[in-house]
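Text of final24.txt, listed as compact mmCIF, C-alpha atoms and all ligand atoms:
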```txt
# COMPACT_ATOMS: atom_id res chain seq x y z
CA MET A 1 2.60 -21.48 -11.94
CA ASN A 2 5.28 -19.40 -10.20
CA SER A 3 7.12 -21.66 -7.76
CA ASP A 4 6.94 -19.10 -4.92
CA ILE A 5 3.17 -19.47 -4.79
CA LEU A 6 1.69 -21.77 -2.15
CA LYS A 7 -1.80 -21.82 -3.62
CA VAL A 8 -3.98 -19.86 -6.00
CA LEU A 9 -6.82 -18.05 -4.24
CA TYR A 10 -8.44 -16.50 -7.32
CA SER A 11 -7.76 -17.63 -10.85
CA ALA A 12 -7.69 -15.21 -13.77
CA GLN A 13 -11.19 -16.41 -14.58
CA ASP A 14 -12.41 -15.80 -11.00
CA ILE A 15 -10.97 -12.30 -11.08
CA LYS A 16 -12.58 -11.52 -14.42
CA ALA A 17 -16.01 -12.44 -13.07
CA THR A 18 -15.44 -10.40 -9.91
CA VAL A 19 -14.28 -7.33 -11.84
CA GLN A 20 -17.25 -7.53 -14.20
CA ARG A 21 -19.65 -7.79 -11.27
CA LEU A 22 -18.04 -4.78 -9.59
CA ALA A 23 -18.15 -2.68 -12.75
CA THR A 24 -21.82 -3.46 -13.29
CA THR A 25 -22.70 -2.66 -9.67
CA VAL A 26 -20.73 0.59 -9.63
CA HIS A 27 -22.15 1.69 -12.96
CA LYS A 28 -25.71 1.45 -11.62
CA ASP A 29 -24.82 4.16 -9.08
CA TYR A 30 -23.20 6.44 -11.66
CA ALA A 31 -25.78 6.29 -14.40
CA ASP A 32 -25.98 10.06 -14.96
CA VAL A 33 -22.46 11.17 -14.11
CA LYS A 34 -19.01 10.83 -15.62
CA PRO A 35 -16.91 9.76 -12.66
CA LEU A 36 -13.21 10.34 -12.24
CA CYS A 37 -11.52 7.03 -11.46
CA VAL A 38 -8.39 7.50 -9.38
CA CYS A 39 -5.94 4.63 -9.58
CA VAL A 40 -3.71 4.29 -6.53
CA LEU A 41 -0.27 3.34 -7.85
CA LYS A 42 1.12 0.85 -8.22
CA GLY A 43 -0.95 -2.02 -6.87
CA ALA A 44 -4.23 -0.93 -8.42
CA VAL A 45 -2.93 -0.61 -11.99
CA ILE A 46 -3.95 -4.06 -13.17
CA PHE A 47 -7.37 -3.94 -11.55
CA MET A 48 -8.00 -0.39 -12.81
CA THR A 49 -7.33 -1.24 -16.44
CA ASP A 50 -9.71 -4.19 -16.34
CA PHE A 51 -12.32 -2.36 -14.27
CA ILE A 52 -12.59 0.63 -16.62
CA ARG A 53 -12.95 -1.62 -19.65
CA ALA A 54 -15.72 -3.57 -17.93
CA TYR A 55 -17.40 -0.25 -17.03
CA ASP A 56 -19.27 0.39 -20.20
CA ASP A 57 -19.88 4.15 -20.05
CA TYR A 58 -18.29 7.62 -19.79
CA LEU A 59 -15.52 8.05 -17.24
CA GLU A 60 -12.15 9.72 -16.82
CA ILE A 61 -9.02 8.30 -15.24
CA ASP A 62 -6.13 9.71 -13.29
CA PHE A 63 -3.31 8.34 -11.16
CA MET A 64 -1.94 9.05 -7.74
CA ASP A 65 0.95 7.55 -5.82
CA VAL A 66 0.94 7.81 -2.06
CA SER A 67 2.91 6.29 0.78
CA SER A 68 1.08 5.76 3.99
CA TYR A 69 2.64 5.95 7.38
CA TYR A 70 1.19 5.39 10.78
CA GLY A 71 0.32 7.59 13.69
CA GLY A 72 -0.86 10.61 11.74
CA THR A 73 -3.74 12.36 13.41
CA THR A 74 -4.86 15.20 11.18
CA SER A 75 -6.98 14.88 8.08
CA SER A 76 -4.82 13.65 5.19
CA GLY A 77 -1.82 13.91 7.51
CA ASP A 78 -0.84 10.29 7.25
CA VAL A 79 -0.08 9.91 3.58
CA ARG A 80 2.80 11.37 1.67
CA ILE A 81 1.92 12.23 -1.91
CA ASP A 82 4.62 10.82 -4.20
CA LYS A 83 2.71 11.64 -7.39
CA ASP A 84 -0.34 13.83 -7.40
CA LEU A 85 -3.34 13.89 -9.73
CA ASP A 86 -3.25 16.01 -12.88
CA THR A 87 -7.00 16.58 -12.67
CA SER A 88 -8.86 18.82 -10.25
CA VAL A 89 -11.35 16.83 -8.22
CA LYS A 90 -13.42 19.91 -7.36
CA GLY A 91 -17.07 19.12 -7.98
CA ARG A 92 -16.22 15.70 -9.35
CA ASP A 93 -17.64 12.33 -8.44
CA VAL A 94 -14.48 10.43 -7.61
CA ILE A 95 -14.08 6.69 -7.47
CA ILE A 96 -10.87 5.59 -5.77
CA VAL A 97 -9.74 2.33 -7.30
CA GLU A 98 -7.67 0.11 -5.02
CA ASP A 99 -6.39 -3.43 -5.16
CA ILE A 100 -6.65 -4.14 -1.44
CA VAL A 101 -7.70 -2.53 1.82
CA ASP A 102 -5.50 -3.80 4.63
CA THR A 103 -4.92 -1.48 7.63
CA GLY A 104 -7.05 1.12 5.85
CA THR A 105 -4.45 3.85 6.37
CA THR A 106 -3.99 4.64 2.67
CA LEU A 107 -7.67 4.82 1.83
CA LYS A 108 -8.83 6.74 4.85
CA ALA A 109 -6.26 9.45 4.27
CA LEU A 110 -6.86 9.56 0.52
CA LYS A 111 -10.62 9.75 0.90
CA GLU A 112 -10.31 12.63 3.37
CA LEU A 113 -7.80 14.42 1.15
CA LEU A 114 -9.99 14.28 -1.96
CA ALA A 115 -13.07 15.32 -0.02
CA HIS A 116 -11.06 18.21 1.45
CA ARG A 117 -10.12 19.27 -2.09
CA GLY A 118 -13.79 19.69 -2.91
CA ALA A 119 -14.80 16.46 -4.59
CA LYS A 120 -18.58 16.22 -4.83
CA SER A 121 -18.43 12.59 -3.77
CA VAL A 122 -15.70 10.09 -3.01
CA LYS A 123 -16.31 6.38 -3.10
CA ILE A 124 -13.94 3.46 -2.95
CA VAL A 125 -13.93 0.34 -5.06
CA ALA A 126 -11.53 -2.30 -3.78
CA LEU A 127 -10.92 -5.61 -5.45
CA LEU A 128 -9.92 -7.19 -2.14
CA ASP A 129 -10.75 -6.42 1.46
CA LYS A 130 -8.72 -7.85 4.33
CA PRO A 131 -10.84 -6.91 7.36
CA THR A 132 -8.54 -8.68 9.82
CA GLY A 133 -5.78 -6.17 8.95
CA ARG A 134 -7.79 -3.05 9.76
CA THR A 135 -6.36 -0.57 12.23
CA VAL A 136 -8.22 2.56 11.13
CA ASP A 137 -11.92 2.94 10.52
CA VAL A 138 -12.58 2.94 6.80
CA LYS A 139 -14.84 0.90 4.57
CA ALA A 140 -14.76 0.39 0.84
CA ASP A 141 -18.10 1.11 -0.81
CA TYR A 142 -17.67 -1.75 -3.25
CA VAL A 143 -15.65 -4.87 -2.48
CA GLY A 144 -14.82 -7.68 -4.87
CA GLN A 145 -13.73 -10.38 -2.42
CA THR A 146 -13.14 -10.53 1.30
CA VAL A 147 -9.83 -12.24 1.91
CA PRO A 148 -8.14 -13.94 4.88
CA GLY A 149 -5.07 -12.54 6.60
CA GLU A 150 -2.57 -14.33 4.37
CA PHE A 151 0.24 -12.75 2.33
CA LEU A 152 -1.31 -12.33 -1.11
CA VAL A 153 0.45 -11.47 -4.34
CA GLY A 154 -0.46 -11.21 -8.00
CA TYR A 155 -2.81 -9.12 -10.16
CA GLY A 156 -1.08 -5.95 -8.96
CA LEU A 157 -0.18 -7.05 -5.45
CA ASP A 158 3.53 -7.27 -4.80
CA TYR A 159 6.14 -8.52 -2.41
CA ASN A 160 9.34 -6.44 -2.72
CA GLY A 161 8.10 -5.21 -6.08
CA LEU A 162 7.67 -8.67 -7.57
CA TYR A 163 4.66 -10.81 -8.57
CA ARG A 164 2.45 -7.91 -9.69
CA ASN A 165 2.26 -9.42 -13.17
CA LEU A 166 0.85 -12.78 -12.11
CA PRO A 167 -2.57 -13.11 -13.77
CA TYR A 168 -3.99 -14.78 -10.64
CA ILE A 169 -3.99 -13.93 -6.93
CA GLY A 170 -2.13 -16.38 -4.76
CA VAL A 171 -0.73 -16.96 -1.30
CA LEU A 172 3.03 -16.44 -1.12
CA LYS A 173 5.05 -19.25 0.42
CA PRO A 174 6.13 -18.15 3.92
CA GLU A 175 9.76 -19.13 3.25
CA VAL A 176 9.92 -16.44 0.57
CA TYR A 177 9.39 -13.58 3.03
CA LYS A 178 10.81 -15.12 6.20
C1 LIG A 201 -0.60 -1.57 -0.79
C2 LIG A 201 -1.92 -1.81 -1.49
C3 LIG A 201 -2.79 -0.71 -0.95
C4 LIG A 201 -2.27 -0.51 0.44
C5 LIG A 201 -3.18 -1.15 1.43
O1 LIG A 201 0.07 -0.54 -1.45
O2 LIG A 201 -1.78 -1.71 -2.88
O3 LIG A 201 -2.61 0.47 -1.68
O4 LIG A 201 -0.98 -1.17 0.51
O5 LIG A 201 -2.63 -1.08 2.70
P1 LIG A 201 -3.26 -0.24 3.86
O6 LIG A 201 -4.73 -0.51 3.90
O7 LIG A 201 -2.56 -0.81 5.06
O8 LIG A 201 -2.95 1.19 3.65
P2 LIG A 201 1.59 -0.17 -1.15
O9 LIG A 201 1.61 0.98 -0.21
O10 LIG A 201 2.33 -1.40 -0.76
O11 LIG A 201 2.12 0.37 -2.53
P3 LIG A 201 1.97 -0.35 -3.97
O12 LIG A 201 0.54 -0.20 -4.35
O13 LIG A 201 2.87 0.43 -4.84
O14 LIG A 201 2.37 -1.80 -3.78
MN MN A 202 -1.16 0.28 -3.23
MG MG A 203 2.90 -2.86 -2.07
```

Rewrite the coordinates I just gave you, this time as structure tokens.
Amino acid sequence: MNSDILKVLYSAQDIKATVQRLATTVHKDYADVKPLCVCVLKGAVIFMTDFIRAYDDYLEIDFMDVSSYYGGTTSSGDVRIDKDLDTSVKGRDVIIVEDIVDTGTTLKALKELLAHRGAKSVKIVALLDKPTGRTVDVKADYVGQTVPGEFLVGYGLDYNGLYRNLPYIGVLKPEVYK
């Protein structure tokens, strides 16, 4: 185990079961459509690749990179698009795939933006939900695990760009970021 990790919250095996459960649940709601799964770079990359392989049916994928900032008031006004989608979302059933919902800033803005662009529906699947971090009102439609307010890394989640490649999700030792 990486020596910067205080404890493992979800093992690779735990995550696999969670992802499979999410994919099965989501698929039930998209039986007759071919959704467009939007991966929010970079944190969601690992989850996305496992999720779409557990989702045993037609779908398309695309990628978007956004930076959120605070205090924006208008619809979609509080994210900066660093890399936009290649695909038009007009008339599409979009599933935003995220690793974690914390303040909710990223997801609220993204959801509003894609709806504004004419998506037929926009839902959110988040591997992790940290409700104690929320500052804006947004809810993921599908949540893998509800997590405490600790600093989590691994399986896509980073600190200063590191730890994304850990196959488990763990709590970072406070001395690493203090
Ligand atoms: C992290 C995480 C979510 C977002 C959640 O991404 O992957 O996308 O923050 O935070 P929020 O609910 O407060 O908006 P980050 O912006 O750090 O970029 P990254 O995915 O490239 O790590
Ligand atoms: Mn992210
Ligand atoms: Mg990050």

### Query
What separation in Å, quoted to one decimal, exists between atom C3 of ligand LIG 201 (chain A) and CA of Leu36 (chain A)?
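Between atom C3 of ligand LIG 201 (chain A) and CA of Leu36 (chain A) the gap works out to 18.9 Å.
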
### Task
Please provide the set of residues having any atom within 9 Å of Arg117 (chain A), restricted to only C-alpha atoms, with same-chain residues fewer than 6 positions apart removed, written as a count of residues only.
3

### Task
May I have the residues within 7 Å of ligand LIG 201 (chain A), computed using only C-alpha atoms and all ligand atoms, as a PyMOL selection string?
chain A and resi 40-44+67-68+98-107+157-158

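Reported to one decimal place, the separation of CA of Tyr142 (chain A) from CA of His116 (chain A) is 21.5 Å.
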
### Task
For region 11-19 of chain A, please output as JSON, numbers by chain all residues within 10 Å (counting only C-alpha atoms; exclusion window: fewer than 6 positions along the same chain).
{"A": [25, 47, 48, 50, 51, 52, 53, 54, 55, 126, 127, 143, 144, 145, 155, 166, 167, 168, 169, 170]}

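As for CA of Val176 (chain A) and CA of Val97 (chain A), they are spaced 28.3 Å apart.
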
### Among listed residues A:Leu114, A:Leu162, A:Ile96, A:Ala140, nearest ligand MG 203 (chain A) (using all atoms listed in the file)
A:Leu162

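The nearest approach to ligand MG 203 (chain A) among the residues A:Asp137, A:Glu150, A:Asp29, A:Asp65, with only C-alpha atoms and all ligand atoms taken into account, belongs to A:Asp65.
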
### Long-range neighbours of Arg92 (chain A) as an MDAnalysis selection string, 9 Å cut-off, all atoms listed in the file, 3 positions minimum in chain
chainID A and resid 34:36 88:89 118:122

Let's have the selection written as a PDB file, in the frame of the given file, with C-alpha atoms.
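New file out-v5.pdb:
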```pdb
ATOM      1  CA  LYS A  34     -19.010  10.830 -15.620  1.00  0.00           C
ATOM      2  CA  PRO A  35     -16.910   9.760 -12.660  1.00  0.00           C
ATOM      3  CA  LEU A  36     -13.210  10.340 -12.240  1.00  0.00           C
ATOM      4  CA  SER A  88      -8.860  18.820 -10.250  1.00  0.00           C
ATOM      5  CA  VAL A  89     -11.350  16.830  -8.220  1.00  0.00           C
ATOM      6  CA  GLY A 118     -13.790  19.690  -2.910  1.00  0.00           C
ATOM      7  CA  ALA A 119     -14.800  16.460  -4.590  1.00  0.00           C
ATOM      8  CA  LYS A 120     -18.580  16.220  -4.830  1.00  0.00           C
ATOM      9  CA  SER A 121     -18.430  12.590  -3.770  1.00  0.00           C
ATOM     10  CA  VAL A 122     -15.700  10.090  -3.010  1.00  0.00           C
TER      11      VAL A 122
END
```
